[in-house]
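For reference, work_33.cif is printed below; it contains mmCIF, C-alpha atoms and all ligand atoms.
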data_start
#
loop_
_atom_site.label_atom_id
_atom_site.label_comp_id
_atom_site.auth_asym_id
_atom_site.auth_seq_id
_atom_site.Cartn_x
_atom_site.Cartn_y
_atom_site.Cartn_z
CA MET A 64 0.00 0.00 0.00
CA SER A 65 1.21 3.54 -0.67
CA LEU A 66 -0.14 7.04 -0.04
CA TYR A 67 -0.60 9.87 -2.52
CA ILE A 68 -2.13 13.33 -2.28
CA GLY A 69 -4.13 14.81 -5.15
CA LEU A 70 -4.67 18.59 -5.44
CA MET A 71 -7.38 19.99 -7.65
CA SER A 72 -8.65 23.49 -8.13
CA GLY A 73 -11.48 23.49 -10.63
CA THR A 74 -13.09 26.05 -12.87
CA SER A 75 -15.37 27.29 -10.06
CA LEU A 76 -12.32 28.85 -8.32
CA ASP A 77 -13.91 28.01 -4.98
CA GLY A 78 -10.76 26.58 -3.40
CA ILE A 79 -8.18 23.84 -3.43
CA ASP A 80 -9.42 20.30 -2.87
CA ALA A 81 -6.87 17.95 -1.31
CA ALA A 82 -7.41 14.18 -1.11
CA LEU A 83 -5.23 11.64 0.70
CA VAL A 84 -5.52 8.38 -1.21
CA GLU A 85 -4.28 4.89 -0.45
CA ILE A 86 -3.27 2.80 -3.46
CA ASP A 87 -2.88 -0.95 -3.56
CA ASP A 88 0.29 -1.38 -5.62
CA THR A 89 -0.43 -5.06 -6.19
CA SER A 90 -3.69 -4.45 -8.08
CA ALA A 91 -3.94 -3.32 -11.72
CA SER A 92 -6.47 -0.57 -10.95
CA GLY A 93 -4.75 0.46 -7.71
CA CYS A 94 -8.12 0.06 -5.87
CA PRO A 95 -7.92 3.74 -4.79
CA ARG A 96 -9.29 4.37 -1.30
CA LEU A 97 -10.04 7.86 0.06
CA LEU A 98 -8.48 8.18 3.52
CA ALA A 99 -8.92 11.89 4.24
CA SER A 100 -9.86 15.12 2.51
CA HIS A 101 -9.63 18.85 3.04
CA ALA A 102 -11.00 21.86 1.15
CA GLU A 103 -8.85 24.99 1.46
CA PRO A 104 -11.07 27.97 0.62
CA MET A 105 -9.78 30.43 -1.97
CA PRO A 106 -9.22 33.91 -0.43
CA ALA A 107 -11.26 36.54 -2.30
CA ALA A 108 -8.16 38.46 -3.46
CA LEU A 109 -6.57 35.38 -5.05
CA ARG A 110 -9.87 34.42 -6.61
CA GLU A 111 -10.10 37.87 -8.18
CA SER A 112 -6.54 37.73 -9.53
CA LEU A 113 -7.11 34.27 -11.01
CA TRP A 114 -10.44 35.38 -12.46
CA ALA A 115 -8.72 38.38 -14.06
CA LEU A 116 -5.99 36.15 -15.50
CA CYS A 117 -8.61 33.83 -16.97
CA HIS A 118 -10.20 36.76 -18.76
CA ALA A 119 -7.46 39.27 -19.52
CA ALA A 120 -4.98 38.29 -22.17
CA GLY A 121 -3.07 41.47 -21.35
CA ALA A 122 -2.20 40.58 -17.72
CA GLY A 123 1.47 41.20 -16.98
CA PHE A 124 4.04 38.57 -16.03
CA ALA A 125 4.43 40.06 -12.54
CA GLU A 126 0.70 39.61 -11.82
CA LEU A 127 0.87 36.10 -13.19
CA ALA A 128 3.88 35.25 -11.01
CA ALA A 129 2.21 36.74 -7.92
CA ALA A 130 -0.98 34.74 -8.47
CA GLU A 131 1.02 31.57 -9.11
CA ASP A 132 3.03 32.08 -5.93
CA ALA A 133 -0.09 32.70 -3.81
CA PHE A 134 -1.83 29.71 -5.39
CA CYS A 135 1.13 27.43 -4.67
CA ARG A 136 1.37 28.57 -1.05
CA LEU A 137 -2.35 27.87 -0.65
CA GLN A 138 -1.74 24.37 -2.03
CA ALA A 139 1.06 23.84 0.53
CA GLN A 140 -1.33 25.05 3.24
CA ALA A 141 -3.95 22.55 2.03
CA VAL A 142 -1.39 19.73 2.19
CA ALA A 143 -0.24 20.73 5.70
CA THR A 144 -3.83 20.85 7.01
CA LEU A 145 -4.74 17.55 5.37
CA LEU A 146 -1.71 15.82 6.88
CA ALA A 147 -2.23 17.31 10.35
CA ALA A 148 -5.97 16.57 10.43
CA SER A 149 -5.46 12.95 9.35
CA GLY A 150 -2.43 12.40 11.61
CA THR A 151 -0.30 11.39 8.61
CA PRO A 152 3.45 12.08 8.75
CA ARG A 153 4.49 13.78 5.52
CA GLU A 154 7.26 11.19 4.97
CA ALA A 155 4.50 8.58 4.56
CA VAL A 156 3.32 10.30 1.37
CA GLU A 157 5.02 9.06 -1.83
CA ALA A 158 4.10 12.07 -3.90
CA ILE A 159 1.68 14.94 -4.43
CA GLY A 160 -0.16 15.38 -7.72
CA SER A 161 -0.94 18.98 -8.63
CA HIS A 162 -3.46 19.76 -11.36
CA GLY A 163 -2.84 23.52 -11.15
CA GLN A 164 -5.40 26.17 -12.05
CA THR A 165 -6.67 26.15 -15.61
CA ILE A 166 -6.32 29.66 -16.99
CA GLU A 167 -7.23 28.89 -20.58
CA HIS A 168 -8.09 25.73 -22.47
CA ALA A 169 -7.91 25.86 -26.26
CA PRO A 170 -7.48 22.29 -27.57
CA GLN A 171 -8.44 23.53 -31.04
CA GLY A 172 -5.90 26.37 -30.90
CA HIS A 173 -6.81 30.00 -31.32
CA ALA A 174 -7.16 31.81 -34.64
CA GLY A 175 -5.28 29.09 -36.52
CA GLY A 176 -2.50 28.84 -33.89
CA PRO A 177 -1.35 25.70 -32.08
CA ALA A 178 -3.51 23.82 -29.60
CA TYR A 179 -2.86 24.77 -25.99
CA THR A 180 -4.08 24.27 -22.45
CA LEU A 181 -2.67 26.47 -19.70
CA GLN A 182 -2.57 25.53 -16.03
CA LEU A 183 -1.05 28.03 -13.65
CA ASP A 184 1.14 25.96 -11.31
CA ASN A 185 4.55 25.97 -9.64
CA PRO A 186 5.46 22.35 -8.86
CA SER A 187 9.08 23.28 -8.08
CA LEU A 188 7.96 25.61 -5.30
CA LEU A 189 5.41 23.07 -4.06
CA ALA A 190 8.18 20.40 -3.81
CA GLU A 191 10.29 22.92 -1.90
CA LEU A 192 7.47 23.91 0.46
CA THR A 193 6.24 20.38 1.19
CA GLY A 194 9.49 18.41 0.96
CA ARG A 195 7.67 15.79 -1.13
CA CYS A 196 7.95 14.64 -4.73
CA VAL A 197 5.44 16.52 -6.90
CA VAL A 198 3.90 15.41 -10.19
CA ALA A 199 2.34 18.14 -12.37
CA ASP A 200 1.52 19.18 -15.95
CA PHE A 201 -0.83 16.24 -16.48
CA ARG A 202 -2.61 17.55 -19.54
CA ARG A 203 -0.05 18.63 -22.10
CA ARG A 204 1.37 15.23 -23.05
CA ASP A 205 -2.08 14.14 -24.18
CA LEU A 206 -2.41 17.37 -26.14
CA ALA A 207 1.01 16.79 -27.73
CA ALA A 208 -0.25 13.37 -28.85
CA GLY A 209 -3.17 15.04 -30.62
CA GLY A 210 -5.68 14.67 -27.78
CA GLN A 211 -8.02 17.17 -26.13
CA ALA A 212 -6.06 16.99 -22.83
CA ALA A 213 -9.45 16.67 -21.14
CA PRO A 214 -11.35 15.15 -19.56
CA LEU A 215 -8.79 13.05 -17.67
CA ALA A 216 -11.06 11.82 -14.87
CA PRO A 217 -12.71 9.04 -16.99
CA ALA A 218 -9.68 6.73 -16.53
CA PHE A 219 -10.06 7.13 -12.77
CA HIS A 220 -13.83 6.58 -13.04
CA GLU A 221 -13.04 3.33 -14.83
CA ALA A 222 -10.67 2.23 -12.05
CA LEU A 223 -13.27 3.00 -9.39
CA PHE A 224 -16.61 2.12 -10.88
CA ARG A 225 -16.32 -0.31 -13.83
CA ALA A 226 -17.95 -3.58 -12.79
CA PRO A 227 -19.33 -6.77 -14.33
CA GLY A 228 -22.91 -7.01 -15.51
CA GLU A 229 -23.84 -3.32 -15.47
CA TRP A 230 -23.45 -0.19 -17.61
CA ARG A 231 -22.51 2.82 -15.53
CA LEU A 232 -22.57 6.51 -16.26
CA VAL A 233 -20.45 8.88 -14.16
CA LEU A 234 -21.44 12.52 -14.41
CA ASN A 235 -19.13 15.21 -13.03
CA LEU A 236 -21.10 18.42 -12.43
CA GLY A 237 -18.43 21.02 -11.71
CA GLY A 238 -18.17 24.43 -13.35
CA PHE A 239 -18.36 22.33 -16.51
CA ALA A 240 -19.80 18.86 -16.91
CA ASN A 241 -18.15 15.74 -18.21
CA LEU A 242 -19.50 12.24 -18.46
CA THR A 243 -17.95 8.79 -18.56
CA LEU A 244 -19.91 5.87 -20.01
CA LEU A 245 -18.50 2.59 -18.66
CA PRO A 246 -19.38 -0.70 -20.38
CA PRO A 247 -19.70 -3.74 -18.10
CA ALA A 248 -16.27 -5.16 -17.16
CA GLU A 249 -16.70 -8.23 -19.39
CA ASP A 250 -17.26 -6.00 -22.46
CA PRO A 251 -13.88 -5.50 -24.18
CA ARG A 252 -14.69 -2.00 -25.37
CA ALA A 253 -13.03 1.08 -23.88
CA PRO A 254 -15.08 3.67 -21.96
CA LEU A 255 -16.27 6.82 -23.69
CA GLY A 256 -16.14 10.22 -22.02
CA PHE A 257 -16.28 13.88 -22.96
CA ASP A 258 -17.43 17.32 -21.79
CA SER A 259 -21.15 17.92 -22.26
CA GLY A 260 -20.94 21.70 -21.71
CA PRO A 261 -21.49 24.09 -18.80
CA ALA A 262 -22.79 22.69 -15.48
CA ASN A 263 -22.53 25.35 -12.74
CA ALA A 264 -20.34 28.00 -14.39
CA LEU A 265 -23.21 30.02 -15.91
CA LEU A 266 -25.59 29.28 -13.01
CA ASP A 267 -22.99 30.65 -10.56
CA ALA A 268 -22.22 33.71 -12.69
CA TRP A 269 -25.88 34.68 -13.27
CA HIS A 270 -26.66 34.14 -9.60
CA ALA A 271 -23.66 36.24 -8.51
CA ARG A 272 -24.72 39.09 -10.81
CA HIS A 273 -28.34 39.27 -9.68
CA ARG A 274 -28.39 37.85 -6.16
CA GLY A 275 -24.76 38.01 -4.98
CA GLY A 276 -23.07 35.11 -3.21
CA ASP A 277 -21.22 32.19 -4.67
CA PHE A 278 -24.01 29.93 -5.89
CA ASP A 279 -27.74 29.18 -5.95
CA ALA A 280 -28.01 26.87 -2.92
CA ASP A 281 -29.94 23.70 -3.81
CA GLY A 282 -30.97 25.40 -7.04
CA ALA A 283 -33.80 27.09 -5.11
CA TRP A 284 -33.74 30.26 -7.22
CA ALA A 285 -33.73 28.24 -10.46
CA ALA A 286 -36.66 26.19 -9.14
CA SER A 287 -38.63 29.43 -8.54
CA GLY A 288 -38.40 30.45 -12.20
CA ARG A 289 -39.97 29.13 -15.42
CA VAL A 290 -37.97 27.76 -18.30
CA ASP A 291 -38.03 30.14 -21.28
CA GLU A 292 -38.34 27.64 -24.12
CA ALA A 293 -37.43 30.13 -26.85
CA LEU A 294 -34.25 31.14 -25.02
CA LEU A 295 -33.42 27.50 -24.30
CA GLY A 296 -33.75 26.72 -28.01
CA ARG A 297 -31.33 29.52 -28.91
CA LEU A 298 -28.80 28.36 -26.29
CA LEU A 299 -29.02 24.73 -27.36
CA ALA A 300 -28.32 25.74 -30.96
CA GLU A 301 -24.69 26.37 -29.93
CA PRO A 302 -22.65 24.07 -32.22
CA PHE A 303 -20.53 22.71 -29.32
CA PHE A 304 -23.54 20.75 -28.00
CA HIS A 305 -23.77 18.88 -31.29
CA LEU A 306 -20.07 18.17 -31.91
CA PRO A 307 -19.08 14.52 -31.96
CA PRO A 308 -16.55 13.48 -29.29
CA PRO A 309 -13.68 13.85 -28.53
CA ARG A 310 -14.55 17.29 -27.23
CA SER A 311 -13.81 19.52 -24.23
CA THR A 312 -14.73 23.05 -23.31
CA GLY A 313 -14.47 25.80 -20.70
CA ARG A 314 -14.99 29.47 -19.96
CA GLU A 315 -13.47 30.46 -23.30
CA LEU A 316 -16.81 29.58 -24.92
CA PHE A 317 -19.41 29.56 -22.13
CA HIS A 318 -19.37 32.88 -20.24
CA LEU A 319 -21.89 35.61 -19.35
CA ASP A 320 -21.35 37.51 -22.60
CA TRP A 321 -22.23 34.34 -24.49
CA LEU A 322 -25.48 34.11 -22.51
CA GLU A 323 -26.25 37.80 -22.93
CA GLY A 324 -25.84 37.54 -26.68
CA HIS A 325 -28.94 35.30 -26.61
CA LEU A 326 -31.13 37.41 -24.29
CA THR A 327 -33.82 39.82 -25.49
CA GLY A 328 -33.54 41.86 -22.27
CA LYS A 329 -37.19 41.19 -21.39
CA GLU A 330 -36.61 37.95 -19.46
CA ARG A 331 -37.19 37.72 -15.71
CA THR A 332 -33.88 36.96 -14.00
CA GLU A 333 -35.22 33.85 -12.22
CA ASP A 334 -36.52 32.51 -15.54
CA VAL A 335 -33.01 32.86 -16.99
CA GLN A 336 -31.66 30.87 -14.02
CA ALA A 337 -34.30 28.16 -14.57
CA THR A 338 -33.41 28.10 -18.27
CA LEU A 339 -29.68 27.74 -17.49
CA ALA A 340 -30.40 24.82 -15.16
CA GLU A 341 -32.49 23.24 -17.88
CA LEU A 342 -29.68 23.90 -20.39
CA THR A 343 -27.30 21.92 -18.16
CA ALA A 344 -29.75 19.03 -17.84
CA GLN A 345 -30.68 18.93 -21.53
CA SER A 346 -27.10 19.26 -22.78
CA VAL A 347 -26.09 16.40 -20.45
CA ALA A 348 -29.01 14.33 -21.80
CA LEU A 349 -27.93 15.10 -25.39
CA ALA A 350 -24.35 14.04 -24.60
CA VAL A 351 -25.56 10.85 -22.87
CA ALA A 352 -27.66 9.97 -25.93
CA MET A 353 -24.64 10.58 -28.16
CA ALA A 354 -22.40 8.38 -25.98
CA ARG A 355 -24.99 5.59 -25.84
CA GLU A 356 -25.43 5.63 -29.59
CA ARG A 357 -21.67 5.39 -30.15
CA LEU A 358 -21.24 2.44 -27.80
CA GLU A 359 -24.62 0.91 -28.69
CA ALA A 360 -25.34 0.94 -24.98
CA PRO A 361 -28.75 0.17 -23.47
CA THR A 362 -30.64 3.14 -22.00
CA ALA A 363 -30.66 1.55 -18.54
CA ALA A 364 -27.53 2.44 -16.60
CA ARG A 365 -26.48 3.28 -13.09
CA LEU A 366 -26.00 7.06 -12.96
CA ILE A 367 -23.33 8.27 -10.53
CA PRO A 368 -23.41 12.09 -10.22
CA CYS A 369 -20.40 13.81 -8.64
CA GLY A 370 -18.87 17.28 -8.31
CA GLY A 371 -20.53 20.24 -6.56
CA GLY A 372 -23.60 20.10 -8.82
CA ALA A 373 -24.51 16.77 -7.22
CA HIS A 374 -25.63 18.86 -4.20
CA ASN A 375 -28.07 20.84 -6.35
CA ARG A 376 -31.49 19.23 -5.87
CA ASP A 377 -33.16 21.22 -8.63
CA LEU A 378 -30.49 20.13 -11.11
CA LEU A 379 -30.74 16.47 -10.07
CA ALA A 380 -34.54 16.56 -10.46
CA ARG A 381 -34.16 17.96 -13.98
CA LEU A 382 -31.58 15.27 -14.85
CA ASP A 383 -33.89 12.61 -13.51
CA ARG A 384 -36.64 13.85 -15.85
CA HIS A 385 -34.35 13.77 -18.88
CA LEU A 386 -32.64 10.45 -18.07
CA PRO A 387 -35.66 8.42 -16.89
CA ASP A 388 -34.01 5.01 -17.36
CA SER A 389 -31.01 5.79 -15.17
CA ARG A 390 -30.99 4.65 -11.58
CA LEU A 391 -29.26 7.24 -9.40
CA ALA A 392 -26.45 6.00 -7.20
CA ASP A 393 -24.42 7.85 -4.60
CA SER A 394 -20.64 7.65 -5.14
CA GLU A 395 -20.30 7.53 -1.35
CA ALA A 396 -21.42 3.88 -1.56
CA TRP A 397 -17.95 3.26 -3.08
CA GLY A 398 -16.29 5.26 -0.29
CA TRP A 399 -15.99 8.41 -2.42
CA PRO A 400 -18.24 11.36 -1.42
CA VAL A 401 -19.18 13.44 -4.50
CA ASP A 402 -16.77 16.31 -3.77
CA TRP A 403 -13.52 14.32 -3.77
CA LEU A 404 -13.39 12.42 -7.02
CA GLU A 405 -11.46 15.05 -8.97
CA ALA A 406 -8.72 15.51 -6.35
CA GLY A 407 -8.68 11.71 -5.98
CA ALA A 408 -8.16 11.38 -9.74
CA PHE A 409 -4.95 13.43 -9.55
CA ALA A 410 -3.63 11.32 -6.65
CA TRP A 411 -4.31 8.20 -8.74
CA LEU A 412 -2.73 9.76 -11.87
CA THR A 413 0.34 10.54 -9.76
CA TRP A 414 0.65 6.85 -8.83
CA ARG A 415 0.29 5.97 -12.54
CA ARG A 416 3.01 8.47 -13.49
CA LEU A 417 5.52 7.23 -10.94
CA HIS A 418 4.99 3.62 -12.06
CA GLY A 419 5.34 4.48 -15.74
CA MET A 420 1.69 3.66 -16.51
CA PRO A 421 -0.42 5.66 -18.99
CA GLY A 422 -2.95 8.07 -17.51
CA ASN A 423 -5.06 9.02 -20.53
CA LEU A 424 -7.75 7.07 -22.35
CA PRO A 425 -7.31 7.64 -26.10
CA SER A 426 -10.98 6.58 -26.55
CA VAL A 427 -11.84 9.70 -24.50
CA THR A 428 -9.32 12.37 -25.42
CA GLY A 429 -8.64 11.27 -29.00
CA ALA A 430 -4.86 11.12 -28.43
CA ALA A 431 -2.83 8.96 -30.82
CA GLY A 432 -2.27 6.42 -28.03
CA PRO A 433 -1.89 5.84 -24.30
CA ARG A 434 0.64 8.21 -22.75
CA VAL A 435 2.38 8.52 -19.39
CA LEU A 436 1.16 11.91 -18.13
CA GLY A 437 2.95 14.55 -16.10
CA GLY A 438 6.40 15.69 -15.09
CA VAL A 439 8.19 14.67 -11.89
CA TYR A 440 9.71 17.22 -9.48
CA ALA A 441 11.99 15.55 -6.96
CA PRO A 442 11.59 16.40 -3.27
N1 LIG B 501 -25.58 22.95 -2.10
C1 LIG B 501 -25.34 23.31 -3.37
N2 LIG B 501 -26.38 23.72 -4.14
C2 LIG B 501 -26.18 24.10 -5.41
N3 LIG B 501 -24.99 24.10 -6.02
C3 LIG B 501 -23.92 23.69 -5.30
C4 LIG B 501 -24.04 23.27 -3.95
N4 LIG B 501 -22.79 22.93 -3.52
C5 LIG B 501 -21.95 23.12 -4.56
N5 LIG B 501 -22.62 23.60 -5.63
C6 LIG B 501 -22.08 23.95 -6.95
O1 LIG B 501 -20.88 23.27 -7.18
C7 LIG B 501 -19.87 24.17 -7.62
C8 LIG B 501 -18.51 23.64 -7.24
O2 LIG B 501 -18.35 22.39 -7.85
P1 LIG B 501 -16.95 21.71 -8.06
O3 LIG B 501 -16.09 22.00 -6.88
O4 LIG B 501 -17.21 20.31 -8.46
O5 LIG B 501 -16.44 22.52 -9.31
P2 LIG B 501 -15.00 22.60 -9.93
O6 LIG B 501 -14.22 21.39 -9.52
O7 LIG B 501 -14.45 23.93 -9.57
O8 LIG B 501 -15.32 22.59 -11.48
P3 LIG B 501 -14.74 21.69 -12.71
O9 LIG B 501 -15.08 20.26 -12.42
O10 LIG B 501 -15.48 22.25 -13.87
O11 LIG B 501 -13.28 21.99 -12.75
C9 LIG B 501 -20.22 25.49 -6.96
O12 LIG B 501 -19.67 26.57 -7.68
C10 LIG B 501 -21.75 25.44 -7.04
O13 LIG B 501 -22.20 25.89 -8.28
C1 LIG B 502 -9.05 22.03 -19.04
C2 LIG B 502 -9.73 21.75 -17.73
O1 LIG B 502 -9.24 22.13 -16.68
N1 LIG B 502 -10.88 21.06 -17.81
C3 LIG B 502 -11.61 20.64 -16.63
C4 LIG B 502 -12.95 21.36 -16.53
O2 LIG B 502 -13.68 20.91 -15.39
C5 LIG B 502 -14.55 19.85 -15.80
C6 LIG B 502 -14.21 19.65 -17.23
O3 LIG B 502 -13.80 20.98 -17.59
C7 LIG B 502 -13.02 18.68 -17.43
O4 LIG B 502 -12.73 18.66 -18.82
C8 LIG B 502 -11.72 19.14 -16.72
O5 LIG B 502 -11.46 18.63 -15.45
C9 LIG B 502 -11.55 17.30 -15.04
C10 LIG B 502 -10.85 17.10 -13.74
C11 LIG B 502 -11.01 16.28 -16.02
O6 LIG B 502 -10.03 16.51 -16.71
O7 LIG B 502 -11.58 15.17 -16.04
#
Write-out of the structure in structure tokens:
Amino acid sequence: MSLYIGLMSGTSLDGIDAALVEIDDTSASGCPRLLASHAEPMPAALRESLWALCHAAGAGFAELAAAEDAFCRLQAQAVATLLAASGTPREAVEAIGSHGQTIEHAPQGHAGGPAYTLQLDNPSLLAELTGRCVVADFRRRDLAAGGQAAPLAPAFHEALFRAPGEWRLVLNLGGFANLTLLPPAEDPRAPLGFDSGPANALLDAWHARHRGGDFDADGAWAASGRVDEALLGRLLAEPFFHLPPPRSTGRELFHLDWLEGHLTGKERTEDVQATLAELTAQSVALAVAMARERLEAPTAARLIPCGGGAHNRDLLARLDRHLPDSRLADSEAWGWPVDWLEAGAFAWLTWRRLHGMPGNLPSVTGAAGPRVLGGVYAP
């Protein structure tokens, strides 16, 4: 058995998730087990700097370096708290996997330029601050091999959830949503996974603009509005929702200006929120239908929602309406509460990296083949 820490800071910019994971080195999947977790909240000032970097191509190098430094120190703080709270000596940890903060994701390139995906990260400083080996830069090798560099979690979903006799569908509802369709273990086919589109990113942004606060708790505000079918139709016409996989997306496409470009200005704000929630549910349902068609999968599957959106009751009710044949399951039944799968994935990918095992699924990202992901920074 060995211990790894995974660090993930997602598109919601709500904080750094840290997961302490035990891996069984004798098993092919590693049988990852979550031992402890800690969420280090993002201070408002750092959140604002990161938000500005995500949106301002003109930010200077000094601002970038300052944000990176503050981000890395927050990661080290998350590691220290996780270790102290779980009573784990740091020497017991083989390595820390750092996803970094995605600043921009352009797997298609920009204006005819090369494909890129940018994660702000300083693994050298993190190795210095924690005294542990750090693995980082997980996405770019897949991109270099012609892949989307995202989503990466489906390989971890396979290790955790693929089982004989049952199709399973893992749905990550973070700022953006990605799904993983897992054939039964006896089926030789590889899983399929891709981003369906926005999950909470637009819901959070619209809520923050009109009601303040970080998010619409339980989707109560969305539930108080009525879906504007005409608006929903215009939003769903976005070509991304109809692209065949492999595909991945982010804030570069789905942001408030994108939404506003589709508004008439006469909508009630709560109806826009309801329509955005419905957009998430319907775009997920479209992506699920696309995945099922590709793998000729039956409609009945076990649906395992995860990510922060799995706490949103209004969103889950909408998903239930659009995926009537799916039986909902709680990832906690596998020992993984919904909020820790992404950080857990980067602990597991770190184990893969240090044992020379590929971390990507070419059937998901479209890369030319399996690749060992990430760079190693010695302690
Ligand atoms: N009780 C709740 N009710 C409604 N929404 C919630 C609740 N708890 C969390 N959320 C949503 O979950 C979001 C955070 O989810 P998560 O941490 O999975 O995102 P992320 O990891 O930053 O995103 P991504 O997976 O796209 O990188 C919040 O911004 C909020 O929208
Ligand atoms: C480029 C990037 O950071 N993408 C994130 C984002 O958040 C959700 C979705 O968009 C997914 O593609 C990915 O994260 C998870 C961890 C992944 O790679 O599976």
request  = Enumerate as a PyMOL selection string the residues within 9 Å of ligand LIG 501 (chain B), counting all atoms listed in the file.
outcome  = chain A and resi 71-80+164-165+235-241+261-268+277-283+313+369-378+401-406
Write out the residues from the selection above, keeping C-alpha atoms, as a CSV table (one decimal), keeping the file's coordinate frame.
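File produced: out_20.csv:
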chain,number,residue,atom,x,y,z
A,71,MET,CA,-7.4,20.0,-7.6
A,72,SER,CA,-8.6,23.5,-8.1
A,73,GLY,CA,-11.5,23.5,-10.6
A,74,THR,CA,-13.1,26.0,-12.9
A,75,SER,CA,-15.4,27.3,-10.1
A,76,LEU,CA,-12.3,28.8,-8.3
A,77,ASP,CA,-13.9,28.0,-5.0
A,78,GLY,CA,-10.8,26.6,-3.4
A,79,ILE,CA,-8.2,23.8,-3.4
A,80,ASP,CA,-9.4,20.3,-2.9
A,164,GLN,CA,-5.4,26.2,-12.0
A,165,THR,CA,-6.7,26.2,-15.6
A,235,ASN,CA,-19.1,15.2,-13.0
A,236,LEU,CA,-21.1,18.4,-12.4
A,237,GLY,CA,-18.4,21.0,-11.7
A,238,GLY,CA,-18.2,24.4,-13.4
A,239,PHE,CA,-18.4,22.3,-16.5
A,240,ALA,CA,-19.8,18.9,-16.9
A,241,ASN,CA,-18.2,15.7,-18.2
A,261,PRO,CA,-21.5,24.1,-18.8
A,262,ALA,CA,-22.8,22.7,-15.5
A,263,ASN,CA,-22.5,25.4,-12.7
A,264,ALA,CA,-20.3,28.0,-14.4
A,265,LEU,CA,-23.2,30.0,-15.9
A,266,LEU,CA,-25.6,29.3,-13.0
A,267,ASP,CA,-23.0,30.6,-10.6
A,268,ALA,CA,-22.2,33.7,-12.7
A,277,ASP,CA,-21.2,32.2,-4.7
A,278,PHE,CA,-24.0,29.9,-5.9
A,279,ASP,CA,-27.7,29.2,-6.0
A,280,ALA,CA,-28.0,26.9,-2.9
A,281,ASP,CA,-29.9,23.7,-3.8
A,282,GLY,CA,-31.0,25.4,-7.0
A,283,ALA,CA,-33.8,27.1,-5.1
A,313,GLY,CA,-14.5,25.8,-20.7
A,369,CYS,CA,-20.4,13.8,-8.6
A,370,GLY,CA,-18.9,17.3,-8.3
A,371,GLY,CA,-20.5,20.2,-6.6
A,372,GLY,CA,-23.6,20.1,-8.8
A,373,ALA,CA,-24.5,16.8,-7.2
A,374,HIS,CA,-25.6,18.9,-4.2
A,375,ASN,CA,-28.1,20.8,-6.4
A,376,ARG,CA,-31.5,19.2,-5.9
A,377,ASP,CA,-33.2,21.2,-8.6
A,378,LEU,CA,-30.5,20.1,-11.1
A,401,VAL,CA,-19.2,13.4,-4.5
A,402,ASP,CA,-16.8,16.3,-3.8
A,403,TRP,CA,-13.5,14.3,-3.8
A,404,LEU,CA,-13.4,12.4,-7.0
A,405,GLU,CA,-11.5,15.0,-9.0
A,406,ALA,CA,-8.7,15.5,-6.4
inquiry  = Set the distance at 8 Å and use only C-alpha atoms: which residues neighbour Thr428 in chain A once local chain neighbours fewer than 3 positions away are removed? I'd like the list as a PyMOL selection string.
reply    = chain A and resi 205+210-215+256-257+309-310+423-425
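Distances here use only C-alpha atoms and all ligand atoms; by that measure, the residue among A:Leu255, A:Ala226, A:Ala147, A:Ala218 closest to ligand LIG 502 (chain B) is A:Ala218.
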inquiry  = Let me make sure I understand: among A:Gly296, A:Pro227, A:Gly407, A:Pro307, which one has the smallest atom-to-atom distance to ligand LIG 502 (chain B) if we use only C-alpha atoms and all ligand atoms?
reply    = A:Gly407
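Reported to one decimal place, the separation of CA of Gln140 in chain A from CA of Gly93 in chain A is 27.1 Å.
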remark   = Students should find that CA of Ala300 in chain A and atom C5 of ligand LIG 502 (chain B) are spaced 21.3 Å
inquiry  = When you count all atoms listed in the file, which of these residues is closest to His101 in chain A: A:Val142, A:Glu126, A:Cys135, A:Gly209?
reply    = A:Val142
task = List every protein, DNA or RNA residue that has at least one atom no more than 9 Å from (2.6, 8.6, -17.4) in the file's coordinates, counting only C-alpha atoms, and write the result as a PyMOL selection string.
result = chain A and resi 201+204+412-423+433-438
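The nearest approach to ligand LIG 502 (chain B) among the residues A:Val427, A:Met105, A:Leu391, A:Ala380, with all atoms listed in the file taken into account, belongs to A:Val427.
CA of His220 in chain A lies 17.8 Å from CA of Asp88 in chain A.
Shortest separation to ligand LIG 502 (chain B) among A:Val198, A:Leu244, A:Leu181, A:Val290 occurs at residue A:Leu181, atoms counted being all atoms listed in the file.
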